[in-house]
file query.cif (mmCIF, C-alpha atoms and all ligand atoms)
data_data
loop_
_atom_site.group_PDB
_atom_site.id
_atom_site.type_symbol
_atom_site.label_atom_id
_atom_site.label_comp_id
_atom_site.auth_asym_id
_atom_site.auth_seq_id
_atom_site.Cartn_x
_atom_site.Cartn_y
_atom_site.Cartn_z
ATOM 1 C CA MET I 18 14.596 183.446 267.572
ATOM 2 C CA ARG I 19 16.709 183.826 264.450
ATOM 3 C CA THR I 20 16.444 180.960 261.960
ATOM 4 C CA PRO I 21 19.967 180.102 260.816
ATOM 5 C CA VAL I 22 20.866 180.381 257.143
ATOM 6 C CA ILE I 23 23.507 178.247 255.427
ATOM 7 C CA ALA I 24 24.151 179.529 251.913
ATOM 8 C CA GLY I 25 26.444 178.008 249.311
ATOM 9 C CA ASN I 26 28.012 180.461 246.888
ATOM 10 C CA TRP I 27 29.126 178.349 243.948
ATOM 11 C CA LYS I 28 30.867 181.338 242.322
ATOM 12 C CA MET I 29 31.907 180.783 238.669
ATOM 13 C CA HIS I 30 31.862 176.986 238.876
ATOM 14 C CA ASN I 31 29.807 174.195 237.318
ATOM 15 C CA THR I 32 27.995 173.690 234.039
ATOM 16 C CA VAL I 33 24.262 173.048 234.089
ATOM 17 C CA ALA I 34 24.866 169.278 234.254
ATOM 18 C CA GLU I 35 27.430 169.650 237.057
ATOM 19 C CA SER I 36 25.127 171.991 238.976
ATOM 20 C CA LEU I 37 22.286 169.485 238.718
ATOM 21 C CA LYS I 38 24.504 166.647 239.913
ATOM 22 C CA LEU I 39 25.634 168.686 242.928
ATOM 23 C CA VAL I 40 22.162 169.824 243.917
ATOM 24 C CA ARG I 41 20.715 166.312 243.525
ATOM 25 C CA GLU I 42 23.360 164.911 245.844
ATOM 26 C CA LEU I 43 22.771 167.725 248.297
ATOM 27 C CA LYS I 44 19.006 167.276 248.222
ATOM 28 C CA ALA I 45 19.368 163.644 249.256
ATOM 29 C CA LEU I 46 21.830 164.470 252.041
ATOM 30 C CA VAL I 47 19.705 167.222 253.617
ATOM 31 C CA LEU I 48 16.353 165.510 253.134
ATOM 32 C CA GLY I 49 14.126 166.288 256.106
ATOM 33 C CA VAL I 50 16.587 168.716 257.729
ATOM 34 C CA GLY I 51 14.603 171.581 259.242
ATOM 35 C CA GLY I 52 15.137 174.654 261.389
ATOM 36 C CA VAL I 53 17.668 176.075 258.944
ATOM 37 C CA GLU I 54 17.313 177.904 255.641
ATOM 38 C CA ILE I 55 19.434 176.071 253.058
ATOM 39 C CA VAL I 56 20.372 178.209 250.059
ATOM 40 C CA VAL I 57 22.424 177.542 246.936
ATOM 41 C CA ALA I 58 23.689 180.191 244.512
ATOM 42 C CA PRO I 59 24.659 178.644 241.148
ATOM 43 C CA VAL I 60 25.828 180.563 238.085
ATOM 44 C CA PHE I 61 23.090 182.405 236.188
ATOM 45 C CA THR I 62 22.998 179.825 233.393
ATOM 46 C CA ALA I 63 22.132 177.030 235.840
ATOM 47 C CA LEU I 64 19.448 178.858 237.852
ATOM 48 C CA GLY I 65 16.491 177.571 235.844
ATOM 49 C CA ALA I 66 17.583 173.927 235.913
ATOM 50 C CA VAL I 67 18.450 174.020 239.619
ATOM 51 C CA ALA I 68 15.135 175.755 240.389
ATOM 52 C CA ALA I 69 13.233 172.873 238.774
ATOM 53 C CA GLU I 70 15.335 170.302 240.654
ATOM 54 C CA ILE I 71 14.758 171.835 244.114
ATOM 55 C CA LYS I 72 11.060 172.504 243.695
ATOM 56 C CA GLY I 73 9.211 171.273 246.788
ATOM 57 C CA SER I 74 12.461 170.590 248.673
ATOM 58 C CA ASN I 75 14.032 172.361 251.661
ATOM 59 C CA ILE I 76 16.635 174.060 249.443
ATOM 60 C CA ALA I 77 16.150 177.625 248.207
ATOM 61 C CA LEU I 78 17.749 179.443 245.302
ATOM 62 C CA SER I 79 19.884 182.580 245.221
ATOM 63 C CA SER I 80 21.641 184.569 242.527
ATOM 64 C CA GLN I 81 25.228 185.722 243.005
ATOM 65 C CA ASN I 82 24.506 189.246 241.807
ATOM 66 C CA VAL I 83 21.623 191.377 240.536
ATOM 67 C CA PHE I 84 21.145 194.713 238.763
ATOM 68 C CA TRP I 85 18.930 197.480 240.151
ATOM 69 C CA GLU I 86 16.816 198.454 237.131
ATOM 70 C CA GLU I 87 13.660 196.509 236.288
ATOM 71 C CA LYS I 88 14.352 196.308 232.547
ATOM 72 C CA GLY I 89 15.841 198.275 229.681
ATOM 73 C CA ALA I 90 18.988 198.827 227.679
ATOM 74 C CA TYR I 91 21.494 197.371 230.158
ATOM 75 C CA THR I 92 23.309 194.751 228.116
ATOM 76 C CA GLY I 93 24.475 191.827 230.181
ATOM 77 C CA GLU I 94 22.527 192.662 233.337
ATOM 78 C CA ILE I 95 19.709 190.779 235.073
ATOM 79 C CA ALA I 96 16.847 192.417 236.972
ATOM 80 C CA PRO I 97 15.526 191.310 240.380
ATOM 81 C CA GLY I 98 12.124 190.466 238.881
ATOM 82 C CA MET I 99 13.809 188.160 236.357
ATOM 83 C CA LEU I 100 15.577 186.314 239.165
ATOM 84 C CA LYS I 101 12.280 185.918 240.969
ATOM 85 C CA ASP I 102 10.734 184.690 237.741
ATOM 86 C CA VAL I 103 13.335 181.921 237.430
ATOM 87 C CA GLY I 104 12.783 180.811 241.032
ATOM 88 C CA CYS I 105 15.246 182.763 243.175
ATOM 89 C CA THR I 106 14.161 183.898 246.614
ATOM 90 C CA TYR I 107 17.545 185.355 247.656
ATOM 91 C CA ALA I 108 20.210 187.486 245.955
ATOM 92 C CA ILE I 109 23.820 187.811 247.095
ATOM 93 C CA ILE I 110 24.817 191.463 246.821
ATOM 94 C CA GLY I 111 28.166 193.245 247.100
ATOM 95 C CA HIS I 112 30.366 190.172 247.479
ATOM 96 C CA SER I 113 33.982 191.261 247.927
ATOM 97 C CA GLU I 114 34.867 189.758 244.533
ATOM 98 C CA ARG I 115 32.259 192.054 242.958
ATOM 99 C CA ARG I 116 33.661 195.002 244.881
ATOM 100 C CA GLN I 117 37.244 194.086 243.957
ATOM 101 C CA TYR I 118 36.913 193.110 240.275
ATOM 102 C CA PHE I 119 33.732 194.825 239.121
ATOM 103 C CA GLY I 120 33.899 198.190 240.809
ATOM 104 C CA GLU I 121 30.959 197.802 243.167
ATOM 105 C CA THR I 122 30.684 200.449 245.835
ATOM 106 C CA ASP I 123 28.529 200.957 248.903
ATOM 107 C CA GLU I 124 26.332 203.164 246.732
ATOM 108 C CA THR I 125 25.716 200.547 244.030
ATOM 109 C CA VAL I 126 25.268 197.884 246.711
ATOM 110 C CA ASN I 127 22.585 200.077 248.258
ATOM 111 C CA LYS I 128 20.784 200.413 244.892
ATOM 112 C CA ARG I 129 20.876 196.641 244.445
ATOM 113 C CA VAL I 130 19.579 196.034 247.972
ATOM 114 C CA LYS I 131 16.651 198.430 247.443
ATOM 115 C CA ALA I 132 15.673 196.967 244.067
ATOM 116 C CA THR I 133 15.952 193.418 245.393
ATOM 117 C CA LEU I 134 13.708 194.133 248.375
ATOM 118 C CA LYS I 135 11.216 195.862 246.103
ATOM 119 C CA ALA I 136 10.997 192.709 243.979
ATOM 120 C CA GLY I 137 10.327 190.616 247.086
ATOM 121 C CA LEU I 138 13.663 188.791 247.205
ATOM 122 C CA THR I 139 15.858 188.535 250.298
ATOM 123 C CA PRO I 140 19.177 190.341 249.847
ATOM 124 C CA ILE I 141 22.289 188.769 251.365
ATOM 125 C CA MET I 142 24.410 191.897 251.645
ATOM 126 C CA CYS I 143 28.138 191.206 252.001
ATOM 127 C CA VAL I 144 30.619 193.341 253.919
ATOM 128 C CA GLY I 145 34.177 192.780 255.090
ATOM 129 C CA GLU I 146 37.625 194.283 255.453
ATOM 130 C CA THR I 147 40.841 193.511 253.567
ATOM 131 C CA LEU I 148 43.994 192.277 255.280
ATOM 132 C CA ALA I 149 45.593 195.739 255.030
ATOM 133 C CA GLU I 150 42.516 197.286 256.628
ATOM 134 C CA ARG I 151 42.533 194.749 259.474
ATOM 135 C CA GLU I 152 46.251 195.187 260.065
ATOM 136 C CA GLY I 153 45.749 198.950 260.023
ATOM 137 C CA GLY I 154 43.175 198.614 262.818
ATOM 138 C CA LYS I 155 40.392 199.776 260.515
ATOM 139 C CA THR I 156 38.092 196.718 260.549
ATOM 140 C CA LEU I 157 35.210 198.255 262.436
ATOM 141 C CA GLU I 158 35.464 201.549 260.570
ATOM 142 C CA ILE I 159 35.341 199.826 257.163
ATOM 143 C CA VAL I 160 32.573 197.411 258.082
ATOM 144 C CA SER I 161 30.517 200.225 259.644
ATOM 145 C CA ARG I 162 30.883 202.292 256.493
ATOM 146 C CA GLN I 163 29.790 199.361 254.322
ATOM 147 C CA VAL I 164 26.797 198.535 256.528
ATOM 148 C CA THR I 165 25.690 202.165 256.846
ATOM 149 C CA GLY I 166 26.124 202.779 253.110
ATOM 150 C CA GLY I 167 24.397 199.556 252.110
ATOM 151 C CA LEU I 168 21.391 200.242 254.340
ATOM 152 C CA ALA I 169 21.062 203.949 253.496
ATOM 153 C CA GLY I 170 17.474 205.091 253.042
ATOM 154 C CA LEU I 171 15.914 201.775 254.102
ATOM 155 C CA SER I 172 13.130 201.617 256.685
ATOM 156 C CA SER I 173 13.365 199.324 259.721
ATOM 157 C CA ALA I 174 10.686 197.127 258.142
ATOM 158 C CA GLU I 175 12.883 196.725 255.057
ATOM 159 C CA ILE I 176 16.023 196.041 257.077
ATOM 160 C CA ASP I 177 14.071 193.327 258.942
ATOM 161 C CA LYS I 178 13.896 191.359 255.684
ATOM 162 C CA LEU I 179 17.582 191.545 254.903
ATOM 163 C CA ILE I 180 20.519 189.262 255.695
ATOM 164 C CA ILE I 181 24.034 190.591 256.236
ATOM 165 C CA ALA I 182 27.101 188.449 255.531
ATOM 166 C CA TYR I 183 30.357 189.411 257.210
ATOM 167 C CA GLU I 184 33.203 188.072 255.099
ATOM 168 C CA PRO I 185 36.708 189.246 255.941
ATOM 169 C CA VAL I 186 38.375 189.437 252.519
ATOM 170 C CA TRP I 187 41.587 187.891 253.874
ATOM 171 C CA ALA I 188 39.659 184.767 254.891
ATOM 172 C CA ILE I 189 37.931 184.144 251.545
ATOM 173 C CA GLY I 190 39.324 181.177 249.636
ATOM 174 C CA THR I 191 42.560 181.349 251.633
ATOM 175 C CA GLY I 192 41.954 178.639 254.190
ATOM 176 C CA LYS I 193 42.419 181.315 256.881
ATOM 177 C CA THR I 194 39.245 181.495 258.912
ATOM 178 C CA ALA I 195 38.714 184.347 261.310
ATOM 179 C CA THR I 196 38.875 182.947 264.828
ATOM 180 C CA PRO I 197 35.433 182.574 266.377
ATOM 181 C CA GLU I 198 36.326 185.492 268.670
ATOM 182 C CA GLN I 199 37.403 187.727 265.759
ATOM 183 C CA ALA I 200 34.211 186.932 263.876
ATOM 184 C CA GLU I 201 31.971 187.340 266.919
ATOM 185 C CA GLU I 202 33.491 190.744 267.707
ATOM 186 C CA VAL I 203 32.587 192.090 264.272
ATOM 187 C CA HIS I 204 29.175 190.405 264.242
ATOM 188 C CA ALA I 205 28.308 191.977 267.594
ATOM 189 C CA ASP I 206 29.398 195.362 266.275
ATOM 190 C CA ILE I 207 27.294 194.980 263.138
ATOM 191 C CA ARG I 208 24.279 194.086 265.296
ATOM 192 C CA ARG I 209 24.907 197.120 267.514
ATOM 193 C CA LEU I 210 25.149 199.336 264.416
ATOM 194 C CA VAL I 211 21.920 197.914 262.961
ATOM 195 C CA GLY I 212 20.330 198.788 266.312
ATOM 196 C CA GLU I 213 21.471 202.395 265.968
ATOM 197 C CA ILE I 214 20.161 202.564 262.407
ATOM 198 C CA ALA I 215 16.917 200.624 262.723
ATOM 199 C CA GLY I 216 16.162 200.086 266.412
ATOM 200 C CA PRO I 217 16.560 197.217 268.893
ATOM 201 C CA ALA I 218 13.870 194.909 267.491
ATOM 202 C CA THR I 219 15.453 194.912 264.030
ATOM 203 C CA ALA I 220 18.905 194.401 265.542
ATOM 204 C CA ALA I 221 17.657 191.437 267.561
ATOM 205 C CA GLY I 222 16.042 189.808 264.541
ATOM 206 C CA ILE I 223 18.492 190.383 261.705
ATOM 207 C CA ARG I 224 20.519 187.383 260.555
ATOM 208 C CA ILE I 225 24.271 187.971 260.267
ATOM 209 C CA LEU I 226 26.175 185.222 258.433
ATOM 210 C CA TYR I 227 29.899 184.593 258.593
ATOM 211 C CA GLY I 228 31.845 183.786 255.433
ATOM 212 C CA GLY I 229 35.471 183.031 254.697
ATOM 213 C CA SER I 230 36.849 179.481 254.602
ATOM 214 C CA VAL I 231 33.919 177.975 256.471
ATOM 215 C CA LYS I 232 34.357 174.208 256.408
ATOM 216 C CA ALA I 233 32.802 171.107 257.936
ATOM 217 C CA ASP I 234 35.444 171.171 260.672
ATOM 218 C CA ASN I 235 35.088 174.784 261.805
ATOM 219 C CA VAL I 236 31.380 175.475 261.341
ATOM 220 C CA ASP I 237 30.327 174.203 264.779
ATOM 221 C CA ILE I 238 32.516 176.569 266.765
ATOM 222 C CA LEU I 239 31.595 179.497 264.515
ATOM 223 C CA MET I 240 27.887 178.739 264.838
ATOM 224 C CA SER I 241 28.258 178.541 268.620
ATOM 225 C CA GLN I 242 28.968 182.286 268.776
ATOM 226 C CA ALA I 243 26.086 184.414 270.010
ATOM 227 C CA ASP I 244 25.865 186.725 267.001
ATOM 228 C CA ILE I 245 26.701 184.314 264.181
ATOM 229 C CA ASP I 246 23.442 183.212 262.566
ATOM 230 C CA GLY I 247 24.701 181.246 259.620
ATOM 231 C CA ALA I 248 27.382 180.873 256.998
ATOM 232 C CA LEU I 249 28.085 181.941 253.441
ATOM 233 C CA VAL I 250 30.205 179.123 252.084
ATOM 234 C CA GLY I 251 32.330 179.141 248.930
ATOM 235 C CA GLY I 252 34.801 176.299 248.357
ATOM 236 C CA ALA I 253 33.202 173.840 250.779
ATOM 237 C CA ALA I 254 29.813 174.313 249.090
ATOM 238 C CA LEU I 255 31.094 172.671 245.896
ATOM 239 C CA GLN I 256 31.017 169.207 247.466
ATOM 240 C CA ALA I 257 27.619 167.953 248.561
ATOM 241 C CA ASP I 258 28.923 166.028 251.574
ATOM 242 C CA SER I 259 30.918 168.895 253.065
ATOM 243 C CA PHE I 260 28.118 171.397 252.485
ATOM 244 C CA ALA I 261 25.552 168.997 253.969
ATOM 245 C CA ARG I 262 27.714 168.647 257.088
ATOM 246 C CA ILE I 263 27.857 172.444 257.354
ATOM 247 C CA VAL I 264 24.058 172.564 257.045
ATOM 248 C CA LYS I 265 23.903 170.043 259.911
ATOM 249 C CA PHE I 266 26.156 172.132 262.181
ATOM 250 C CA GLU I 267 26.059 171.424 265.913
ATOM 251 C CA THR I 268 26.301 174.222 268.436
ATOM 252 C CA LYS I 269 27.679 173.760 271.917
HETATM 253 P P1 LIG D 301 35.233 180.497 250.780
HETATM 254 O O1 LIG D 301 34.345 181.658 250.104
HETATM 255 O O2 LIG D 301 34.309 179.708 251.662
HETATM 256 O O3 LIG D 301 35.775 179.711 249.638
HETATM 257 O O4 LIG D 301 36.316 181.192 251.564
HETATM 258 C C1 LIG D 301 33.363 182.322 250.824
HETATM 259 C C2 LIG D 301 32.715 183.385 249.966
HETATM 260 O O5 LIG D 301 33.421 184.042 249.193
HETATM 261 O O6 LIG D 301 31.486 183.595 250.031
#
call {"tool": "encode", "arguments": {"input": "query.cif", "output": "structure tokens", "more": "lines below"}}
Ligand code: PGA
result
Amino acid sequence: MRTPVIAGNWKMHNTVAESLKLVRELKALVLGVGGVEIVVAPVFTALGAVAAEIKGSNIALSSQNVFWEEKGAYTGEIAPGMLKDVGCTYAIIGHSERRQYFGETDETVNKRVKATLKAGLTPIMCVGETLAEREGGKTLEIVSRQVTGGLAGLSSAEIDKLIIAYEPVWAIGTGKTATPEQAEEVHADIRRLVGEIAGPATAAGIRILYGGSVKADNVDILMSQADIDGALVGGAALQADSFARIVKFETK
């Protein structure tokens, strides 16, 4: 039985005060909701304040990025242990915006995943194809390369602890959601690939989230797919009511 995960990626939005307002509203709306891991990923500057606000609640904290070294002369970077120290239990890694604007590759994603696991945080490793890649019939090839590269050198026991997020780049922030069938096809392939890499038990247990214009009105059908175990939500996570409705998804 895979516990669903609904994670809100706030991206580069919200001051500390705005982050606190949002998380307070959310906390009230999801009070007592169980059977789902609820995660929010504020900007770095708001992590400490949000951590204090969600203490003892059913909401967990994630970073939006992480570096792979533990400490040292790496100006501007933040280590996994520092994220843990501030109260994070998850770290989003390799989001397509990081790959697109900050030069992240499967190799650097892999280093981040390893360091994050070593620090005892749960990586949410993002993969997904661009529109040109989908139209060129390369979706499965690209996603397979990203999954294989991101998981390189990890044991099955390590892969068991990880979450994968499939986010087609053409569906992020565009209002264009992959159809449930399109998403399910890729999710099933990712699960099959994880099985080849790490064995059937790991494949059966790993959580694979869908991301890309997930909203209150499409989450139910997405979550009804066999291999979709949760959502990574951008825009709709910035309003407490819409994110709370996503957290309270209903499967058919
Ligand atoms: P979106 O973003 O929900 O705004 O499309 C998703 C993401 O980038 O994680």
call {"tool": "atom_distance", "arguments": {"input": "query.cif", "atom1": "CA of Trp27 (chain I)", "atom2": "CA of Gln81 (chain I)"}}
result
8.4 Å
call {"tool": "resolve_selection", "arguments": {"input": "query.cif", "expression": "the PyMOL selection byres (((not hetatm)) within 10 of (chain D and resi 301))", "output": "PyMOL selection string"}}
result
chain I and resi 24-28+81+109+112-114+143+182-194+227-232+248-255
call {"tool": "closest_residue", "arguments": {"input": "query.cif", "among": "I:Asn82, I:Thr147, I:Asn31, I:Thr139", "to": "Glu54 (chain I)", "atoms": "only C-alpha atoms"}}
result
I:Thr139
call {"tool": "atom_distance", "arguments": {"input": "query.cif", "atom1": "CA of Leu64 (chain I)", "atom2": "CA of Asn235 (chain I)"}}
result
28.9 Å
call {"tool": "closest_residue", "arguments": {"input": "query.cif", "among": "I:His30, I:Leu100, I:Arg19, I:Ser74", "to": "Thr219 (chain I)", "atoms": "only C-alpha atoms"}}
result
I:Arg19
call {"tool": "axis_aligned_box", "arguments": {"input": "query.cif", "around": "region 113-116 of chain I", "padding_each_side": "8 Å", "output": "AutoDock Vina command-line options"}}
result
--center_x 33.6 --center_y 192.4 --center_z 245.4 --size_x 18.6 --size_y 21.2 --size_z 21.0
call {"tool": "closest_atom_pairs", "arguments": {"input": "query.cif", "of": "region 156-251 of chain I", "to": "region 117-124 of chain I", "cutoff": "10 Å", "atoms": "only C-alpha atoms", "output": "Markdown table"}}
result
| residue | atom | partner | partner_atom | distance |
| --- | --- | --- | --- | --- |
| I:Arg162 | CA | I:Asp123 | CA | 8.1 |
| I:Gln163 | CA | I:Asp123 | CA | 5.8 |
| I:Val164 | CA | I:Asp123 | CA | 8.2 |
| I:Thr165 | CA | I:Asp123 | CA | 8.5 |
| I:Gly166 | CA | I:Asp123 | CA | 5.2 |
| I:Gly167 | CA | I:Asp123 | CA | 5.4 |
| I:Leu168 | CA | I:Asp123 | CA | 9.0 |
| I:Ala169 | CA | I:Glu124 | CA | 8.6 |
| I:Val186 | CA | I:Gln117 | CA | 9.8 |
call {"tool": "resolve_selection", "arguments": {"input": "query.cif", "expression": "the PyMOL selection byres (((chain I and resi 84) around 7) and not hetatm)", "output": "CSV table (one decimal) with C-alpha atoms, in the coordinates of the input"}}
result
chain,number,residue,atom,x,y,z
I,83,VAL,CA,21.6,191.4,240.5
I,85,TRP,CA,18.9,197.5,240.2
I,86,GLU,CA,16.8,198.5,237.1
I,94,GLU,CA,22.5,192.7,233.3
I,95,ILE,CA,19.7,190.8,235.1
I,96,ALA,CA,16.8,192.4,237.0
I,97,PRO,CA,15.5,191.3,240.4
I,129,ARG,CA,20.9,196.6,244.4
call {"tool": "closest_residue", "arguments": {"input": "query.cif", "among": "I:Ala68, I:Ile223, I:Ile23, I:Val236", "to": "Val47 (chain I)", "atoms": "all atoms listed in the file"}}
result
I:Ile23
call {"tool": "atom_distance", "arguments": {"input": "query.cif", "atom1": "CA of Arg208 (chain I)", "atom2": "CA of Ile180 (chain I)"}}
result
11.4 Å
call {"tool": "closest_residue", "arguments": {"input": "query.cif", "among": "I:Gly93, I:Gly73, I:Gly247, I:Pro21", "to": "Lys44 (chain I)", "atoms": "all atoms listed in the file"}}
result
I:Gly73
call {"tool": "residues_around", "arguments": {"input": "query.cif", "residues": "region 157-161 of chain I", "least_positions_apart": "6", "cutoff": "7 Å", "atoms": "all atoms listed in the file", "output": "PDB file with C-alpha atoms, keeping the file's coordinate frame"}}
result
ATOM      1  CA  VAL I 144      30.619 193.341 253.919  1.00  0.00           C
ATOM      2  CA  GLY I 145      34.177 192.780 255.090  1.00  0.00           C
ATOM      3  CA  GLU I 146      37.625 194.283 255.453  1.00  0.00           C
ATOM      4  CA  VAL I 203      32.587 192.090 264.272  1.00  0.00           C
TER       5      VAL I 203
END
call {"tool": "closest_residue", "arguments": {"input": "query.cif", "among": "I:Glu150, I:Ala233, I:Phe61, I:Asp244", "to": "Ala257 (chain I)", "atoms": "all atoms listed in the file"}}
result
I:Ala233
call {"tool": "resolve_selection", "arguments": {"input": "query.cif", "expression": "the PyMOL selection byres (((chain I and resi 137) around 9) and not hetatm)", "output": "list in words"}}
result
Pro97, Gly98, Lys101, Thr106, Tyr107, Ala132, Thr133, Leu134, Lys135, Ala136, Leu138 and Thr139 of chain I
call {"tool": "closest_residue", "arguments": {"input": "query.cif", "among": "I:Leu179, I:Leu43, I:Ser79, I:Ile214", "to": "Gly65 (chain I)", "atoms": "all atoms listed in the file"}}
result
I:Ser79
call {"tool": "build_atoms", "arguments": {"input": "query.cif", "residues": "region 71-90 of chain I", "atoms": "N, CA, C and O atoms", "output": "PDB file, in the coordinates of the input"}}
result
ATOM      1  N   ILE I  71      14.988 171.665 242.664  1.00  0.00           N
ATOM      2  CA  ILE I  71      14.758 171.835 244.114  1.00  0.00           C
ATOM      3  C   ILE I  71      13.300 172.147 244.451  1.00  0.00           C
ATOM      4  O   ILE I  71      12.963 172.325 245.623  1.00  0.00           O
ATOM      5  N   LYS I  72      12.481 172.206 243.448  1.00  0.00           N
ATOM      6  CA  LYS I  72      11.060 172.504 243.695  1.00  0.00           C
ATOM      7  C   LYS I  72      10.484 171.555 244.747  1.00  0.00           C
ATOM      8  O   LYS I  72      10.677 170.342 244.666  1.00  0.00           O
ATOM      9  N   GLY I  73       9.824 172.106 245.749  1.00  0.00           N
ATOM     10  CA  GLY I  73       9.211 171.273 246.788  1.00  0.00           C
ATOM     11  C   GLY I  73      10.183 170.732 247.822  1.00  0.00           C
ATOM     12  O   GLY I  73       9.782 169.999 248.726  1.00  0.00           O
ATOM     13  N   SER I  74      11.469 171.085 247.700  1.00  0.00           N
ATOM     14  CA  SER I  74      12.461 170.590 248.673  1.00  0.00           C
ATOM     15  C   SER I  74      12.723 171.661 249.730  1.00  0.00           C
ATOM     16  O   SER I  74      12.105 172.724 249.727  1.00  0.00           O
ATOM     17  N   ASN I  75      13.674 171.385 250.624  1.00  0.00           N
ATOM     18  CA  ASN I  75      14.032 172.361 251.661  1.00  0.00           C
ATOM     19  C   ASN I  75      15.236 173.203 251.250  1.00  0.00           C
ATOM     20  O   ASN I  75      15.913 173.794 252.087  1.00  0.00           O
ATOM     21  N   ILE I  76      15.517 173.251 249.950  1.00  0.00           N
ATOM     22  CA  ILE I  76      16.635 174.060 249.443  1.00  0.00           C
ATOM     23  C   ILE I  76      16.064 175.235 248.655  1.00  0.00           C
ATOM     24  O   ILE I  76      15.143 175.062 247.862  1.00  0.00           O
ATOM     25  N   ALA I  77      16.606 176.417 248.905  1.00  0.00           N
ATOM     26  CA  ALA I  77      16.150 177.625 248.207  1.00  0.00           C
ATOM     27  C   ALA I  77      17.256 178.129 247.288  1.00  0.00           C
ATOM     28  O   ALA I  77      18.421 177.752 247.414  1.00  0.00           O
ATOM     29  N   LEU I  78      16.848 179.007 246.373  1.00  0.00           N
ATOM     30  CA  LEU I  78      17.749 179.443 245.302  1.00  0.00           C
ATOM     31  C   LEU I  78      18.128 180.916 245.451  1.00  0.00           C
ATOM     32  O   LEU I  78      17.288 181.760 245.757  1.00  0.00           O
ATOM     33  N   SER I  79      19.400 181.191 245.200  1.00  0.00           N
ATOM     34  CA  SER I  79      19.884 182.580 245.221  1.00  0.00           C
ATOM     35  C   SER I  79      20.667 182.864 243.956  1.00  0.00           C
ATOM     36  O   SER I  79      21.268 181.955 243.366  1.00  0.00           O
ATOM     37  N   SER I  80      20.705 184.131 243.562  1.00  0.00           N
ATOM     38  CA  SER I  80      21.641 184.569 242.527  1.00  0.00           C
ATOM     39  C   SER I  80      22.922 185.013 243.232  1.00  0.00           C
ATOM     40  O   SER I  80      22.955 185.166 244.454  1.00  0.00           O
ATOM     41  N   GLN I  81      23.956 185.234 242.444  1.00  0.00           N
ATOM     42  CA  GLN I  81      25.228 185.722 243.005  1.00  0.00           C
ATOM     43  C   GLN I  81      25.380 187.229 242.846  1.00  0.00           C
ATOM     44  O   GLN I  81      26.328 187.829 243.361  1.00  0.00           O
ATOM     45  N   ASN I  82      24.464 187.818 242.096  1.00  0.00           N
ATOM     46  CA  ASN I  82      24.506 189.246 241.807  1.00  0.00           C
ATOM     47  C   ASN I  82      23.149 189.613 241.230  1.00  0.00           C
ATOM     48  O   ASN I  82      22.342 188.731 240.910  1.00  0.00           O
ATOM     49  N   VAL I  83      22.895 190.899 241.097  1.00  0.00           N
ATOM     50  CA  VAL I  83      21.623 191.377 240.536  1.00  0.00           C
ATOM     51  C   VAL I  83      21.823 192.845 240.134  1.00  0.00           C
ATOM     52  O   VAL I  83      22.643 193.539 240.736  1.00  0.00           O
ATOM     53  N   PHE I  84      21.088 193.288 239.121  1.00  0.00           N
ATOM     54  CA  PHE I  84      21.145 194.713 238.763  1.00  0.00           C
ATOM     55  C   PHE I  84      19.957 195.426 239.408  1.00  0.00           C
ATOM     56  O   PHE I  84      19.035 194.782 239.914  1.00  0.00           O
ATOM     57  N   TRP I  85      19.980 196.762 239.414  1.00  0.00           N
ATOM     58  CA  TRP I  85      18.930 197.480 240.151  1.00  0.00           C
ATOM     59  C   TRP I  85      17.774 197.977 239.299  1.00  0.00           C
ATOM     60  O   TRP I  85      16.729 198.314 239.835  1.00  0.00           O
ATOM     61  N   GLU I  86      17.940 198.009 237.965  1.00  0.00           N
ATOM     62  CA  GLU I  86      16.816 198.454 237.131  1.00  0.00           C
ATOM     63  C   GLU I  86      15.894 197.269 236.840  1.00  0.00           C
ATOM     64  O   GLU I  86      16.308 196.121 236.882  1.00  0.00           O
ATOM     65  N   GLU I  87      14.630 197.584 236.531  1.00  0.00           N
ATOM     66  CA  GLU I  87      13.660 196.509 236.288  1.00  0.00           C
ATOM     67  C   GLU I  87      13.776 195.907 234.895  1.00  0.00           C
ATOM     68  O   GLU I  87      13.505 194.736 234.682  1.00  0.00           O
ATOM     69  N   LYS I  88      14.126 196.770 233.921  1.00  0.00           N
ATOM     70  CA  LYS I  88      14.352 196.308 232.547  1.00  0.00           C
ATOM     71  C   LYS I  88      14.963 197.454 231.752  1.00  0.00           C
ATOM     72  O   LYS I  88      15.052 198.576 232.258  1.00  0.00           O
ATOM     73  N   GLY I  89      15.351 197.183 230.510  1.00  0.00           N
ATOM     74  CA  GLY I  89      15.841 198.275 229.681  1.00  0.00           C
ATOM     75  C   GLY I  89      17.149 197.945 228.991  1.00  0.00           C
ATOM     76  O   GLY I  89      17.581 196.796 228.936  1.00  0.00           O
ATOM     77  N   ALA I  90      17.771 198.981 228.471  1.00  0.00           N
ATOM     78  CA  ALA I  90      18.988 198.827 227.679  1.00  0.00           C
ATOM     79  C   ALA I  90      20.202 198.754 228.601  1.00  0.00           C
ATOM     80  O   ALA I  90      20.939 199.727 228.774  1.00  0.00           O
TER      81      ALA I  90
END
